[in-house]
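Right, one structure below, let's go through it.
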Amino acid sequence: MAAFHIDGEPGDVADIVLLPGDPVRGRRIAEEMLTNVSCYNRIRNAFGFTGESGGVPISVQASGMGAPSMAIYATELFEQHNVQVAVRIGTCAAMRADIELGDLILAMGAVTDSAVVSNILPGLSYAPTASFPLLVAAERIARERSHRAHVGQVMTSDVFYHADPGRMLDLADMGVLGLDMETAALYAVASRYRRHSLAVLTVTDNLESRARWSAEDRERGYLAMVEVAIAAAVEVRAHAMAGTGTET
């Protein structure tokens with residue numbers, strides 16, 4: 001299968017990939033948090049960068065908005081570039097008033113209304129989940145670094161402007177913590193390829209309290225999310241290479 005959306009050559013993409021939706025934010029993350037950075041992808045301005053963190057190669061690949069776009073990039077990364085660990089780093093809306101703006105949500109699994117997941121496994125109601133080693137590592141790292149983090153389900157929706165936003169809040173009664181548009185697709189594709197995946201999400205809106213970050217806050221508030229994502233991914237990949245903790 002040819003990779004239509006990622007222009008990198010074999011070896012250009014690291015084993016560990018961070019997946020922000022926004023290509024501009026992805027470029028900023030690569031430039032600010034990695035060293036020895038080079039750009040391997042410019043197709044559709046979905047920039048892809050590879051650099052290092054503490055000597056470990058890490059790539060940052062923009063995935064766009066929505067489950068279909070995430071599924072495309074995840075498939076090409078796993079199929080063509082043999083990526084082993086993929087972490088979505090993005091924003092979400094919280095569904096409980098006690099979850100504050102700037103908190104992290106570590107998505108254990110993803111409820112979804114997206115047809116992307118049902119097309120991956122037709123005829124079944126598949127429940128995509130995170131890689132357990134990544135989830136455990138991220139929760140511990142967030143706690144050790146005093147970042148407020150919540151572990152639980154998220155809702156991945158194909159719709160941003162819901163006709164009945166209150167319907168989404170009904171999911172809070174089922175323990176769903178947040179709402180995004182990509183996590184379920186990443187988890188489903190990663191499961192298909194038996195790779196490690198996790199979504200580490202920064203809360204920028206709250207559907208219950210109606211609190212919302214400004215555009216400026218959104219551009220500055222990603223540091224904790226990226227720190228946790230990098231540290232967890234590096235730890236899990238190191239264990240996998242050593243032959244311990246390899247199960248996704």
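Simple scheme: letters A, B, ... for chains in structure tokens order, numbers from 1 for residues in each chain, numbers from 1 for ligands in the order shown.
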
Go through stretch 112-179 of chain A and flag each residue having an atom no more than 12 Å from stretch 89-101 of chain A; for those, report the closest pair of atoms plus their distance in Å to one decimal, using only C-alpha atoms, ordered by chain and rising number, as JSON lines.
```
{"residue": "A:His147", "atom": "CA", "partner": "A:Glu100", "partner_atom": "CA", "distance": 11.7}
{"residue": "A:Arg148", "atom": "CA", "partner": "A:Glu100", "partner_atom": "CA", "distance": 8.8}
{"residue": "A:Ala149", "atom": "CA", "partner": "A:Ile99", "partner_atom": "CA", "distance": 9.0}
{"residue": "A:His150", "atom": "CA", "partner": "A:Ile99", "partner_atom": "CA", "distance": 8.1}
{"residue": "A:Val151", "atom": "CA", "partner": "A:Ile99", "partner_atom": "CA", "distance": 11.3}
{"residue": "A:Gly152", "atom": "CA", "partner": "A:Ala94", "partner_atom": "CA", "distance": 11.4}
{"residue": "A:Gln153", "atom": "CA", "partner": "A:Met95", "partner_atom": "CA", "distance": 10.8}
{"residue": "A:Val154", "atom": "CA", "partner": "A:Ala94", "partner_atom": "CA", "distance": 9.0}
{"residue": "A:Met155", "atom": "CA", "partner": "A:Cys92", "partner_atom": "CA", "distance": 9.6}
{"residue": "A:Thr156", "atom": "CA", "partner": "A:Cys92", "partner_atom": "CA", "distance": 9.7}
{"residue": "A:Ser157", "atom": "CA", "partner": "A:Cys92", "partner_atom": "CA", "distance": 11.2}
{"residue": "A:Phe160", "atom": "CA", "partner": "A:Ala93", "partner_atom": "CA", "distance": 10.8}
{"residue": "A:Pro165", "atom": "CA", "partner": "A:Met95", "partner_atom": "CA", "distance": 10.8}
{"residue": "A:Gly166", "atom": "CA", "partner": "A:Met95", "partner_atom": "CA", "distance": 10.1}
{"residue": "A:Arg167", "atom": "CA", "partner": "A:Met95", "partner_atom": "CA", "distance": 11.0}
{"residue": "A:Met168", "atom": "CA", "partner": "A:Met95", "partner_atom": "CA", "distance": 8.0}
{"residue": "A:Leu169", "atom": "CA", "partner": "A:Met95", "partner_atom": "CA", "distance": 6.0}
{"residue": "A:Asp170", "atom": "CA", "partner": "A:Met95", "partner_atom": "CA", "distance": 8.9}
{"residue": "A:Leu171", "atom": "CA", "partner": "A:Met95", "partner_atom": "CA", "distance": 8.0}
{"residue": "A:Ala172", "atom": "CA", "partner": "A:Met95", "partner_atom": "CA", "distance": 5.9}
{"residue": "A:Asp173", "atom": "CA", "partner": "A:Met95", "partner_atom": "CA", "distance": 9.5}
{"residue": "A:Met174", "atom": "CA", "partner": "A:Met95", "partner_atom": "CA", "distance": 10.9}
{"residue": "A:Gly175", "atom": "CA", "partner": "A:Met95", "partner_atom": "CA", "distance": 9.3}
{"residue": "A:Val176", "atom": "CA", "partner": "A:Met95", "partner_atom": "CA", "distance": 7.3}
{"residue": "A:Leu177", "atom": "CA", "partner": "A:Met95", "partner_atom": "CA", "distance": 5.4}
{"residue": "A:Gly178", "atom": "CA", "partner": "A:Ala94", "partner_atom": "CA", "distance": 4.3}
{"residue": "A:Leu179", "atom": "CA", "partner": "A:Ala93", "partner_atom": "CA", "distance": 5.1}
```

Non-local contacts of stretch 217-224 of chain A (8 Å; only C-alpha atoms; under 6 positions in same chain excluded) as a list in words =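 Once the nearby chain positions are removed, what remains is Arg25, Gly102, His147, Thr202 and Thr204 of chain A.
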
So that I have them on file, write out the residues from the current selection with C-alpha atoms, as a compact mmCIF listing (two decimals), in the first residue's frame.
```
# COMPACT_ATOMS: atom_id res chain seq x y z
CA ARG A 25 0.69 23.34 17.00
CA GLY A 102 -6.24 22.63 31.82
CA HIS A 147 -0.63 17.33 36.87
CA THR A 202 -6.10 18.78 27.56
CA THR A 204 -10.19 23.41 26.96
```

message = Report, in Å with one decimal, the straight-line distance from atom CA of A:Met33 to atom CA of A:Ser53.
response = 7.4 Å

Per residue of stretch 171-205 of chain A within 12 Å of stretch 6-23 of chain A, record the nearest atom pair and its distance in Å to one decimal, counting only C-alpha atoms, with rows in chain order and ascending residue number, as a Markdown table.
```
| residue | atom | partner | partner_atom | distance |
| --- | --- | --- | --- | --- |
| A:Asp180 | CA | A:Gly21 | CA | 11.0 |
| A:Met181 | CA | A:Gly21 | CA | 9.9 |
| A:Glu182 | CA | A:Gly21 | CA | 8.7 |
| A:Thr183 | CA | A:Leu19 | CA | 10.5 |
| A:Leu186 | CA | A:Leu19 | CA | 9.6 |
| A:Arg195 | CA | A:Asp15 | CA | 10.5 |
| A:His196 | CA | A:Ile16 | CA | 9.4 |
| A:Ser197 | CA | A:Val17 | CA | 9.6 |
| A:Leu198 | CA | A:Leu18 | CA | 9.8 |
| A:Ala199 | CA | A:Leu19 | CA | 9.0 |
| A:Val200 | CA | A:Leu18 | CA | 10.0 |
| A:Leu201 | CA | A:Pro20 | CA | 10.0 |
| A:Thr202 | CA | A:Pro20 | CA | 11.3 |
```

Using DSSP on the backbone coordinates, identify the residues of stretch 80-233 of chain A assigned to alpha helix (DSSP H); present them as an mmCIF file with C-alpha atoms, in the first residue's frame.
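Written out: out05.cif:
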```cif
data_model
loop_
_atom_site.group_PDB
_atom_site.id
_atom_site.type_symbol
_atom_site.label_atom_id
_atom_site.label_comp_id
_atom_site.auth_asym_id
_atom_site.auth_seq_id
_atom_site.Cartn_x
_atom_site.Cartn_y
_atom_site.Cartn_z
ATOM 1 C CA GLN A 80 4.245 2.129 5.902
ATOM 2 C CA HIS A 81 6.489 3.453 8.649
ATOM 3 C CA ALA A 115 -18.881 5.162 11.087
ATOM 4 C CA VAL A 116 -15.098 4.880 10.798
ATOM 5 C CA VAL A 117 -14.892 2.292 13.570
ATOM 6 C CA SER A 118 -17.879 0.294 12.292
ATOM 7 C CA ASN A 119 -16.288 0.191 8.836
ATOM 8 C CA ILE A 120 -13.061 -1.183 10.290
ATOM 9 C CA PHE A 132 -2.801 -0.599 28.986
ATOM 10 C CA PRO A 133 0.967 -0.109 29.542
ATOM 11 C CA LEU A 134 0.764 3.395 28.065
ATOM 12 C CA LEU A 135 -2.287 4.285 30.140
ATOM 13 C CA VAL A 136 -0.700 3.095 33.384
ATOM 14 C CA ALA A 137 2.574 4.879 32.654
ATOM 15 C CA ALA A 138 0.838 8.138 31.732
ATOM 16 C CA GLU A 139 -1.319 8.127 34.862
ATOM 17 C CA ARG A 140 1.698 7.540 37.113
ATOM 18 C CA ILE A 141 3.819 10.166 35.361
ATOM 19 C CA ALA A 142 1.039 12.766 35.546
ATOM 20 C CA ARG A 143 0.620 12.071 39.258
ATOM 21 C CA GLU A 144 4.373 12.250 39.930
ATOM 22 C CA PRO A 165 -25.649 19.342 22.942
ATOM 23 C CA GLY A 166 -27.462 18.152 26.060
ATOM 24 C CA ARG A 167 -27.535 14.641 24.637
ATOM 25 C CA MET A 168 -23.773 14.496 24.953
ATOM 26 C CA LEU A 169 -24.050 15.324 28.654
ATOM 27 C CA THR A 183 -9.555 8.997 19.807
ATOM 28 C CA ALA A 184 -11.761 6.056 18.810
ATOM 29 C CA ALA A 185 -10.281 5.980 15.312
ATOM 30 C CA LEU A 186 -6.710 5.921 16.620
ATOM 31 C CA TYR A 187 -7.484 3.128 19.085
ATOM 32 C CA ALA A 188 -9.285 1.018 16.485
ATOM 33 C CA VAL A 189 -6.504 1.304 13.907
ATOM 34 C CA ALA A 190 -3.805 0.689 16.520
ATOM 35 C CA SER A 191 -5.640 -2.437 17.694
ATOM 36 C CA ARG A 192 -5.798 -3.698 14.121
ATOM 37 C CA TYR A 193 -2.004 -3.410 13.852
ATOM 38 C CA ALA A 215 -7.597 30.944 21.735
ATOM 39 C CA GLU A 216 -4.445 32.260 23.441
ATOM 40 C CA ASP A 217 -4.826 29.814 26.340
ATOM 41 C CA ARG A 218 -5.234 26.943 23.884
ATOM 42 C CA GLU A 219 -1.930 27.835 22.240
ATOM 43 C CA ARG A 220 -0.042 27.996 25.551
ATOM 44 C CA LEU A 223 2.987 21.674 27.918
ATOM 45 C CA ALA A 224 1.760 19.206 30.573
ATOM 46 C CA MET A 225 0.019 17.066 27.965
ATOM 47 C CA VAL A 226 3.121 16.782 25.797
ATOM 48 C CA GLU A 227 5.445 16.119 28.740
ATOM 49 C CA VAL A 228 3.272 13.233 29.937
ATOM 50 C CA ALA A 229 2.866 11.836 26.422
ATOM 51 C CA ILE A 230 6.592 11.845 25.679
ATOM 52 C CA ALA A 231 7.615 10.349 29.020
ATOM 53 C CA ALA A 232 5.015 7.558 28.857
ATOM 54 C CA ALA A 233 5.787 6.699 25.238
#
```

request  = For atom CA of A:Ile72 and atom CA of A:Asp103, quote the distance in Å rounded to one decimal.
outcome  = 28.4 Å

query = How many Å lie between atom CA of A:Asp158 and atom CA of A:Pro68, rounded to one decimal?
reply =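 That distance, rounded to one decimal, is 8.8 Å.
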
request  = Determine the nearest neighbour of A:Arg28 from the options A:Gln61, A:Gln84, A:Ser114, A:Asn41, counting only C-alpha atoms.
outcome  =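 Counting only C-alpha atoms, the residue closest to A:Arg28 is A:Gln61.
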